[in-house]
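Here is work_0.cif, consisting of mmCIF, C-alpha atoms:
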data_model
#
loop_
_atom_site.label_atom_id
_atom_site.label_comp_id
_atom_site.auth_asym_id
_atom_site.auth_seq_id
_atom_site.Cartn_x
_atom_site.Cartn_y
_atom_site.Cartn_z
CA MET A 1 55.32 -78.01 31.68
CA LEU A 2 58.60 -79.64 32.77
CA ASN A 3 59.08 -80.34 36.46
CA SER A 4 62.30 -79.82 38.38
CA HIS A 5 62.39 -83.36 39.76
CA GLU A 6 62.86 -84.74 36.23
CA THR A 7 66.43 -83.48 36.13
CA GLU A 8 67.44 -86.42 38.32
CA ARG A 9 66.54 -88.82 35.50
CA CYS A 10 67.96 -86.96 32.50
CA SER A 11 70.56 -89.56 31.65
CA LEU A 12 70.73 -92.13 28.87
CA SER A 13 74.07 -93.57 29.98
CA GLN A 14 72.60 -97.08 30.31
CA LEU A 15 72.30 -97.16 26.49
CA ALA A 16 76.01 -96.85 25.75
CA PRO A 17 77.05 -97.67 23.12
CA LEU A 18 74.04 -96.21 21.32
CA GLU A 19 72.93 -98.11 18.18
CA ALA A 20 69.63 -96.66 17.04
CA ILE A 21 67.05 -93.91 17.49
CA LEU A 22 63.34 -94.38 16.84
CA PHE A 23 60.92 -91.51 16.32
CA ASP A 24 57.18 -91.19 16.45
CA ILE A 25 55.94 -88.68 13.83
CA ASP A 26 52.84 -86.68 14.86
CA GLY A 27 53.78 -84.31 17.69
CA THR A 28 57.33 -85.69 17.79
CA LEU A 29 58.86 -84.73 14.44
CA CYS A 30 56.31 -81.98 13.86
CA ASP A 31 53.61 -80.13 15.78
CA SER A 32 50.79 -81.67 13.77
CA ASP A 33 48.15 -82.10 16.47
CA PRO A 34 46.64 -78.62 15.90
CA LEU A 35 45.99 -79.63 12.28
CA HIS A 36 44.41 -82.93 13.33
CA TYR A 37 42.30 -81.02 15.86
CA ILE A 38 41.05 -78.57 13.22
CA ALA A 39 40.13 -81.43 10.86
CA PHE A 40 38.30 -83.40 13.56
CA ARG A 41 36.54 -80.32 14.92
CA GLU A 42 35.22 -79.22 11.54
CA LEU A 43 34.16 -82.62 10.24
CA LEU A 44 32.62 -83.77 13.53
CA GLN A 45 30.60 -80.58 13.61
CA GLU A 46 29.44 -81.26 10.04
CA VAL A 47 28.10 -84.71 11.00
CA GLY A 48 26.35 -83.35 14.11
CA PHE A 49 28.61 -84.96 16.68
CA ASN A 50 27.91 -83.72 20.24
CA GLY A 51 24.76 -82.00 19.01
CA GLY A 52 26.80 -79.90 16.60
CA VAL A 53 28.83 -78.31 19.41
CA PRO A 54 32.53 -78.16 18.37
CA ILE A 55 34.86 -80.45 20.30
CA THR A 56 37.37 -78.80 22.64
CA GLU A 57 41.13 -79.24 22.63
CA GLU A 58 40.79 -81.03 25.97
CA PHE A 59 38.40 -83.54 24.39
CA PHE A 60 40.87 -84.03 21.54
CA VAL A 61 43.81 -84.68 23.87
CA GLU A 62 41.86 -87.10 26.06
CA ASN A 63 40.05 -89.09 23.38
CA ILE A 64 41.88 -88.75 20.07
CA GLY A 65 45.55 -87.70 20.23
CA GLY A 66 48.05 -90.52 19.68
CA LYS A 67 45.40 -93.22 19.14
CA HIS A 68 44.96 -95.49 16.13
CA ASN A 69 42.03 -94.67 13.84
CA ASP A 70 40.17 -97.91 14.60
CA ASP A 71 40.26 -97.07 18.31
CA ILE A 72 39.18 -93.46 17.65
CA CYS A 73 36.16 -94.76 15.70
CA LYS A 74 35.08 -96.88 18.68
CA ILE A 75 35.35 -93.86 20.99
CA LEU A 76 33.60 -91.35 18.74
CA PHE A 77 31.00 -93.63 17.12
CA PRO A 78 30.49 -96.63 19.46
CA ASN A 79 27.08 -97.52 17.96
CA GLN A 80 27.81 -96.76 14.32
CA ASP A 81 28.70 -99.19 11.55
CA LEU A 82 32.50 -99.47 11.45
CA GLN A 83 32.73 -98.96 7.69
CA LYS A 84 30.78 -95.70 7.97
CA SER A 85 33.10 -94.60 10.79
CA LEU A 86 36.18 -95.47 8.75
CA LYS A 87 34.80 -93.44 5.82
CA PHE A 88 34.60 -90.46 8.19
CA MET A 89 38.23 -91.08 9.15
CA ASP A 90 39.28 -91.22 5.48
CA ASP A 91 37.66 -87.82 4.93
CA LYS A 92 39.36 -86.46 8.04
CA GLU A 93 42.78 -87.72 6.90
CA ALA A 94 42.30 -86.13 3.47
CA MET A 95 41.54 -82.80 5.14
CA PHE A 96 44.58 -83.20 7.42
CA ARG A 97 46.84 -83.80 4.42
CA ARG A 98 45.58 -80.61 2.76
CA LEU A 99 46.31 -78.63 5.92
CA ALA A 100 49.70 -80.31 6.42
CA SER A 101 50.82 -79.47 2.88
CA GLU A 102 50.38 -75.79 3.73
CA GLN A 103 51.21 -75.51 7.42
CA LEU A 104 53.37 -78.38 8.75
CA LYS A 105 56.56 -77.30 10.56
CA PRO A 106 59.30 -79.34 12.31
CA VAL A 107 59.74 -79.34 16.06
CA ASN A 108 62.54 -76.90 16.94
CA GLY A 109 66.00 -78.45 16.68
CA LEU A 110 64.86 -81.51 14.72
CA HIS A 111 67.27 -81.08 11.84
CA LYS A 112 70.16 -80.44 14.22
CA LEU A 113 69.44 -83.76 15.94
CA CYS A 114 69.03 -85.58 12.62
CA LYS A 115 72.43 -84.31 11.48
CA TRP A 116 73.97 -85.52 14.77
CA ILE A 117 72.40 -88.95 14.18
CA GLU A 118 73.67 -89.08 10.58
CA ASP A 119 77.15 -87.94 11.60
CA HIS A 120 77.29 -90.79 14.13
CA GLY A 121 75.93 -93.36 11.67
CA PHE A 122 73.16 -94.53 13.99
CA LYS A 123 70.29 -96.63 12.69
CA ARG A 124 66.93 -94.85 12.65
CA ALA A 125 63.27 -95.49 11.94
CA ALA A 126 59.94 -93.71 12.16
CA VAL A 127 57.22 -95.61 14.05
CA THR A 128 53.69 -94.24 13.91
CA ASN A 129 50.00 -94.91 14.40
CA ALA A 130 49.26 -92.55 11.51
CA PRO A 131 48.06 -93.96 8.17
CA ARG A 132 50.96 -94.61 5.80
CA GLU A 133 49.84 -91.91 3.35
CA ASN A 134 49.91 -89.31 6.14
CA ALA A 135 53.22 -90.53 7.51
CA GLU A 136 54.98 -90.47 4.14
CA LEU A 137 53.62 -86.99 3.42
CA MET A 138 54.81 -85.57 6.74
CA ILE A 139 58.26 -87.14 6.38
CA SER A 140 58.51 -85.72 2.86
CA ILE A 141 57.41 -82.21 3.90
CA LEU A 142 60.02 -82.28 6.67
CA GLY A 143 62.74 -83.26 4.18
CA LEU A 144 63.45 -86.57 5.93
CA THR A 145 62.53 -89.10 3.24
CA ASN A 146 66.18 -90.10 2.80
CA PHE A 147 66.94 -89.86 6.53
CA PHE A 148 64.79 -92.74 7.72
CA GLU A 149 65.81 -96.30 6.90
CA LEU A 150 62.36 -97.60 7.75
CA LEU A 151 58.77 -96.49 8.35
CA VAL A 152 56.63 -98.74 10.56
CA VAL A 153 52.86 -98.11 10.56
CA GLY A 154 50.88 -99.37 13.54
CA GLY A 155 47.89 -100.32 11.41
CA GLU A 156 50.12 -102.70 9.43
CA CYS A 157 51.18 -104.56 12.60
CA ASN A 158 49.18 -107.14 14.55
CA ARG A 159 48.54 -104.43 17.17
CA ALA A 160 49.14 -100.67 17.04
CA LYS A 161 50.45 -98.51 19.89
CA PRO A 162 50.03 -98.62 22.92
CA PHE A 163 51.09 -102.21 22.29
CA PRO A 164 54.82 -102.72 21.65
CA ASP A 165 54.40 -104.44 18.27
CA PRO A 166 55.33 -101.47 16.02
CA TYR A 167 58.52 -100.76 17.99
CA LEU A 168 59.45 -104.43 18.16
CA LYS A 169 59.01 -104.65 14.38
CA ALA A 170 61.30 -101.64 13.91
CA LEU A 171 63.99 -103.14 16.14
CA GLU A 172 63.82 -106.47 14.31
CA THR A 173 63.93 -104.90 10.85
CA ILE A 174 66.86 -102.55 11.44
CA LYS A 175 68.60 -105.18 13.63
CA ALA A 176 68.97 -103.02 16.73
CA SER A 177 68.94 -103.98 20.39
CA PRO A 178 66.40 -102.36 22.75
CA GLU A 179 69.19 -102.01 25.30
CA HIS A 180 70.98 -99.60 22.96
CA THR A 181 68.08 -97.70 21.37
CA ILE A 182 66.28 -94.43 22.29
CA VAL A 183 62.66 -93.64 21.49
CA PHE A 184 61.26 -90.11 21.08
CA GLU A 185 57.50 -89.84 21.69
CA ASP A 186 54.87 -87.23 22.52
CA SER A 187 51.83 -89.30 23.52
CA VAL A 188 50.83 -91.58 26.36
CA SER A 189 50.06 -94.47 24.00
CA GLY A 190 53.40 -94.07 22.23
CA ILE A 191 55.40 -93.93 25.44
CA LYS A 192 53.64 -97.02 26.76
CA ALA A 193 54.49 -98.81 23.51
CA GLY A 194 58.18 -97.88 23.68
CA VAL A 195 58.47 -98.86 27.34
CA ALA A 196 56.67 -102.16 26.69
CA ALA A 197 59.21 -102.85 23.92
CA GLY A 198 61.99 -102.49 26.50
CA MET A 199 63.40 -99.09 25.54
CA PRO A 200 63.89 -95.79 27.37
CA VAL A 201 61.63 -93.07 26.01
CA VAL A 202 62.31 -89.33 25.89
CA GLY A 203 59.00 -87.49 26.00
CA LEU A 204 58.04 -84.27 24.23
CA PRO A 205 54.98 -82.59 25.80
CA THR A 206 54.24 -80.89 22.47
CA ARG A 207 50.50 -80.88 23.13
CA ASN A 208 50.04 -83.48 25.87
CA PRO A 209 50.46 -82.75 29.62
CA GLY A 210 53.96 -83.57 30.82
CA HIS A 211 52.81 -85.32 33.99
CA LEU A 212 50.82 -87.82 31.92
CA LEU A 213 53.89 -88.59 29.81
CA MET A 214 55.95 -89.19 32.94
CA GLU A 215 53.23 -91.41 34.42
CA ALA A 216 53.25 -93.42 31.18
CA GLY A 217 56.93 -94.19 31.75
CA ALA A 218 59.02 -91.51 30.00
CA ASN A 219 62.60 -91.35 31.29
CA PHE A 220 62.53 -87.56 31.09
CA LEU A 221 60.92 -84.76 29.12
CA ILE A 222 62.40 -82.20 26.75
CA LYS A 223 60.79 -79.03 25.45
CA ASP A 224 62.14 -79.66 21.94
CA TYR A 225 65.35 -80.89 20.28
CA ASP A 226 67.22 -77.74 21.26
CA ASP A 227 66.68 -78.53 24.96
CA PRO A 228 70.05 -78.46 26.82
CA LYS A 229 68.94 -81.51 28.83
CA LEU A 230 68.87 -83.61 25.67
CA TRP A 231 72.29 -82.50 24.49
CA THR A 232 73.83 -83.05 27.92
CA ALA A 233 72.53 -86.63 27.82
CA LEU A 234 73.77 -87.17 24.24
CA GLU A 235 77.21 -85.73 25.05
CA GLU A 236 77.40 -88.11 28.01
CA LEU A 237 76.69 -91.00 25.65
CA ASP A 238 79.41 -89.74 23.31
CA SER A 239 81.89 -89.64 26.16
CA LEU A 240 81.01 -93.14 27.33
CA ALA A 241 81.32 -94.51 23.80
CA ALA A 242 84.74 -92.91 23.46
CA GLY A 243 85.83 -94.21 26.82
CA THR A 244 86.57 -90.69 28.02
CA MET A 245 83.85 -90.24 30.65
CA VAL A 246 85.19 -87.90 33.29
CA THR A 247 84.06 -88.45 36.88
CA PRO A 248 82.97 -85.17 38.54
#
Whole structure given in structure tokens:
Amino acid sequence: MLNSHETERCSLSQLAPLEAILFDIDGTLCDSDPLHYIAFRELLQEVGFNGGVPITEEFFVENIGGKHNDDICKILFPNQDLQKSLKFMDDKEAMFRRLASEQLKPVNGLHKLCKWIEDHGFKRAAVTNAPRENAELMISILGLTNFFELLVVGGECNRAKPFPDPYLKALETIKASPEHTIVFEDSVSGIKAGVAAGMPVVGLPTRNPGHLLMEAGANFLIKDYDDPKLWTALEELDSLAAGTMVTP
């Protein structure tokens, strides 16, 4: 839920002129968490996790959503051989990809925003903790393979989110300045990573509580990419870039 006090912070004017936009994938480009939840719930039940009692959505949000697979293994199977845990994760990712191929949908307004970004010629990259195979599949299903200049995978960096490394790698590769770049994120770990990399982050409480995203450092929250708050902020950036900002 979005709180009224956030309206005071719904400006990105400090970024002018805007150079680049970086996106997380899961929960940010698409509402994929329900599919991850289904895969985890079913496979964890199969292996007898929690005495065979299915995990709840609250458990998923608190312990799994937005985290890198290595970290999830340590949370779910702290006393189990890591290779066995990673085999479980491989099976889970395969199930997720089957579900995604049938059910994945973009967050409302995504393609409108992507067209705005293309029309302005801004640099863009996708930065994710998801395995590369998952990330490439989701981007393909969403029709954005040719949109993104770069895909950065947290597991291929020295440290995944919530550390800043994946976002710093994206900035370095596309040659963008953090002072002129926006990040879109839906998770606490992702927002912490973007903030640690020196960028303002717009949060989407797709499945995660809005107050946790704000506490993690989001500049403001939007319901989706059709949110008037987002377009007011982007129009302000346009005006500043054109030198036509009108003082109220």
Skipping near chain neighbours, those fewer than 3 positions away, what residues fall within 12 Å of A:Arg97 using all atoms listed in the file, listed as an mmCIF file with C-alpha atoms, in the frame of the given file?
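Output file out.cif follows:
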data_model
loop_
_atom_site.group_PDB
_atom_site.id
_atom_site.type_symbol
_atom_site.label_atom_id
_atom_site.label_comp_id
_atom_site.auth_asym_id
_atom_site.auth_seq_id
_atom_site.Cartn_x
_atom_site.Cartn_y
_atom_site.Cartn_z
ATOM 1 C CA SER A 32 50.790 -81.670 13.770
ATOM 2 C CA LEU A 35 45.990 -79.630 12.280
ATOM 3 C CA HIS A 36 44.410 -82.930 13.330
ATOM 4 C CA ILE A 38 41.050 -78.570 13.220
ATOM 5 C CA ALA A 39 40.130 -81.430 10.860
ATOM 6 C CA ASP A 90 39.280 -91.220 5.480
ATOM 7 C CA ASP A 91 37.660 -87.820 4.930
ATOM 8 C CA LYS A 92 39.360 -86.460 8.040
ATOM 9 C CA GLU A 93 42.780 -87.720 6.900
ATOM 10 C CA ALA A 94 42.300 -86.130 3.470
ATOM 11 C CA ALA A 100 49.700 -80.310 6.420
ATOM 12 C CA SER A 101 50.820 -79.470 2.880
ATOM 13 C CA GLU A 102 50.380 -75.790 3.730
ATOM 14 C CA GLN A 103 51.210 -75.510 7.420
ATOM 15 C CA LEU A 104 53.370 -78.380 8.750
ATOM 16 C CA ALA A 130 49.260 -92.550 11.510
ATOM 17 C CA PRO A 131 48.060 -93.960 8.170
ATOM 18 C CA ARG A 132 50.960 -94.610 5.800
ATOM 19 C CA GLU A 133 49.840 -91.910 3.350
ATOM 20 C CA ASN A 134 49.910 -89.310 6.140
ATOM 21 C CA ALA A 135 53.220 -90.530 7.510
ATOM 22 C CA GLU A 136 54.980 -90.470 4.140
ATOM 23 C CA LEU A 137 53.620 -86.990 3.420
ATOM 24 C CA MET A 138 54.810 -85.570 6.740
ATOM 25 C CA SER A 140 58.510 -85.720 2.860
ATOM 26 C CA ILE A 141 57.410 -82.210 3.900
#
Selection result of the PyMOL selection byres ((chain A and resi 114-126) around 7) on this file, as a list in words: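 Those residues are Glu19, Ala20, Ile21, Leu22, Phe23, Asp24, Ile25, Leu110, His111, Lys112, Leu113, Val127, Thr128, Phe148, Glu149, Leu150, Leu151, Val152, Ala170 and Ile174 of chain A.
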Keeping C-alpha atoms for every residue in the selection just given, could you write it to a file as an mmCIF file, in the coordinates of the input?
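Written file, again-v3.cif:
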data_model
loop_
_atom_site.group_PDB
_atom_site.id
_atom_site.type_symbol
_atom_site.label_atom_id
_atom_site.label_comp_id
_atom_site.auth_asym_id
_atom_site.auth_seq_id
_atom_site.Cartn_x
_atom_site.Cartn_y
_atom_site.Cartn_z
ATOM 1 C CA GLU A 19 72.930 -98.110 18.180
ATOM 2 C CA ALA A 20 69.630 -96.660 17.040
ATOM 3 C CA ILE A 21 67.050 -93.910 17.490
ATOM 4 C CA LEU A 22 63.340 -94.380 16.840
ATOM 5 C CA PHE A 23 60.920 -91.510 16.320
ATOM 6 C CA ASP A 24 57.180 -91.190 16.450
ATOM 7 C CA ILE A 25 55.940 -88.680 13.830
ATOM 8 C CA LEU A 110 64.860 -81.510 14.720
ATOM 9 C CA HIS A 111 67.270 -81.080 11.840
ATOM 10 C CA LYS A 112 70.160 -80.440 14.220
ATOM 11 C CA LEU A 113 69.440 -83.760 15.940
ATOM 12 C CA VAL A 127 57.220 -95.610 14.050
ATOM 13 C CA THR A 128 53.690 -94.240 13.910
ATOM 14 C CA PHE A 148 64.790 -92.740 7.720
ATOM 15 C CA GLU A 149 65.810 -96.300 6.900
ATOM 16 C CA LEU A 150 62.360 -97.600 7.750
ATOM 17 C CA LEU A 151 58.770 -96.490 8.350
ATOM 18 C CA VAL A 152 56.630 -98.740 10.560
ATOM 19 C CA ALA A 170 61.300 -101.640 13.910
ATOM 20 C CA ILE A 174 66.860 -102.550 11.440
#
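Separating atom CA of A:Asn146 from atom CA of A:Ala197 is a distance of 25.6 Å.
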Nearest-residue call for A:Val202, choices A:Ser189, A:Thr173, A:Thr56, A:Asn219, using all atoms listed in the file: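 The closest residue to A:Val202 is A:Asn219.
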Could you jot down the atom CA of A:Val61 to atom CA of A:Asp31 separation for me, Å, one decimal place?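 Taking atom CA of A:Val61 as the start and atom CA of A:Asp31 as the end point, the length is 13.5 Å.
Those DNA, RNA and protein residues that approach the point (64.6, -98.4, 25.6) to within 6 Å, considering only C-alpha atoms, are Pro178, Glu179, Thr181, Ile182, Gly198, Met199 and Pro200 of chain A.
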I want to know what sits within 9 Å of A:Val188, based on only C-alpha atoms, with residues of the same chain fewer than 2 positions away left out; could you give that as an mmCIF file with C-alpha atoms, in the coordinates of the input?
data_model
loop_
_atom_site.group_PDB
_atom_site.id
_atom_site.type_symbol
_atom_site.label_atom_id
_atom_site.label_comp_id
_atom_site.auth_asym_id
_atom_site.auth_seq_id
_atom_site.Cartn_x
_atom_site.Cartn_y
_atom_site.Cartn_z
ATOM 1 C CA GLY A 65 45.550 -87.700 20.230
ATOM 2 C CA GLY A 66 48.050 -90.520 19.680
ATOM 3 C CA PRO A 162 50.030 -98.620 22.920
ATOM 4 C CA GLU A 185 57.500 -89.840 21.690
ATOM 5 C CA ASP A 186 54.870 -87.230 22.520
ATOM 6 C CA GLY A 190 53.400 -94.070 22.230
ATOM 7 C CA ILE A 191 55.400 -93.930 25.440
ATOM 8 C CA LYS A 192 53.640 -97.020 26.760
ATOM 9 C CA ALA A 193 54.490 -98.810 23.510
ATOM 10 C CA ASN A 208 50.040 -83.480 25.870
ATOM 11 C CA LEU A 212 50.820 -87.820 31.920
ATOM 12 C CA LEU A 213 53.890 -88.590 29.810
ATOM 13 C CA MET A 214 55.950 -89.190 32.940
ATOM 14 C CA GLU A 215 53.230 -91.410 34.420
ATOM 15 C CA ALA A 216 53.250 -93.420 31.180
ATOM 16 C CA GLY A 217 56.930 -94.190 31.750
ATOM 17 C CA ALA A 218 59.020 -91.510 30.000
#
Using all atoms listed in the file, which residues sit within 8 Å of A:Tyr37 once same-chain residues fewer than 4 positions away are excluded, as a list in words? Asp33, Arg41, Glu57 and Phe60 of chain A
Okay, now the selection with C-alpha atoms, as a CSV table (one decimal), in the frame of the given file?
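Contents of again-v4.csv, freshly written:
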chain,number,residue,atom,x,y,z
A,33,ASP,CA,48.2,-82.1,16.5
A,41,ARG,CA,36.5,-80.3,14.9
A,57,GLU,CA,41.1,-79.2,22.6
A,60,PHE,CA,40.9,-84.0,21.5
Applied to this file, what does the PyMOL selection byres ((chain A and resi 30) around 6) return in terms of residues, put as a count of residues only? 9
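With distances taken over all atoms listed in the file, A:Leu43 is the one residue among A:Cys10, A:Leu142, A:Leu204, A:Leu43 lying closest to A:Lys87.
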Could you check how far atom CA of A:Asn69 sits from atom CA of A:Leu221, in Å to one decimal?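 For atom CA of A:Asn69 relative to atom CA of A:Leu221, the distance reads 26.2 Å.
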Just want the 9 Å neighbourhood of A:Ile222, counted on only C-alpha atoms, with same-chain residues fewer than 6 positions away dropped. Output as a list in words.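 The residues satisfying every condition are Leu2, Val202, Gly203, Leu204, Pro205, Pro228, Lys229 and Leu230 of chain A.
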Selected residues written out with C-alpha atoms, as an mmCIF file, in the frame of the given file:
data_model
loop_
_atom_site.group_PDB
_atom_site.id
_atom_site.type_symbol
_atom_site.label_atom_id
_atom_site.label_comp_id
_atom_site.auth_asym_id
_atom_site.auth_seq_id
_atom_site.Cartn_x
_atom_site.Cartn_y
_atom_site.Cartn_z
ATOM 1 C CA LEU A 2 58.600 -79.640 32.770
ATOM 2 C CA VAL A 202 62.310 -89.330 25.890
ATOM 3 C CA GLY A 203 59.000 -87.490 26.000
ATOM 4 C CA LEU A 204 58.040 -84.270 24.230
ATOM 5 C CA PRO A 205 54.980 -82.590 25.800
ATOM 6 C CA PRO A 228 70.050 -78.460 26.820
ATOM 7 C CA LYS A 229 68.940 -81.510 28.830
ATOM 8 C CA LEU A 230 68.870 -83.610 25.670
#
From the options A:Ala176, A:Leu18, A:Val153, A:Val195, which residue's atoms come nearest to A:Leu240, counting only C-alpha atoms? A:Leu18
Nearest to A:Ile64: which of A:Ser187, A:Gly52, A:Gln80, A:Leu86 is it, counting all atoms listed in the file?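 With all atoms listed in the file as the atom set, the closest residue is A:Ser187.
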Do a neighbour search on A:Ser13 at 8 Å with all atoms listed in the file, toss out local chain neighbours closer than 3 positions, and write the hits as a list in words.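 Here the answer would be Ala16, Ala233, Glu236, Leu237 and Leu240 of chain A.
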Might you spell out which residues the PyMOL selection byres ((chain A and resi 159) around 12) would select in the displayed file, as a PyMOL selection string? chain A and resi 67-68+70-71+128-129+152-158+160-169+193
Ranking A:Ser85, A:Glu42, A:Ser177, A:Glu62 by minimum distance to A:Arg207 and counting all atoms listed in the file, which one comes first?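 Of the candidates, the smallest distance to A:Arg207 is held by A:Glu62.
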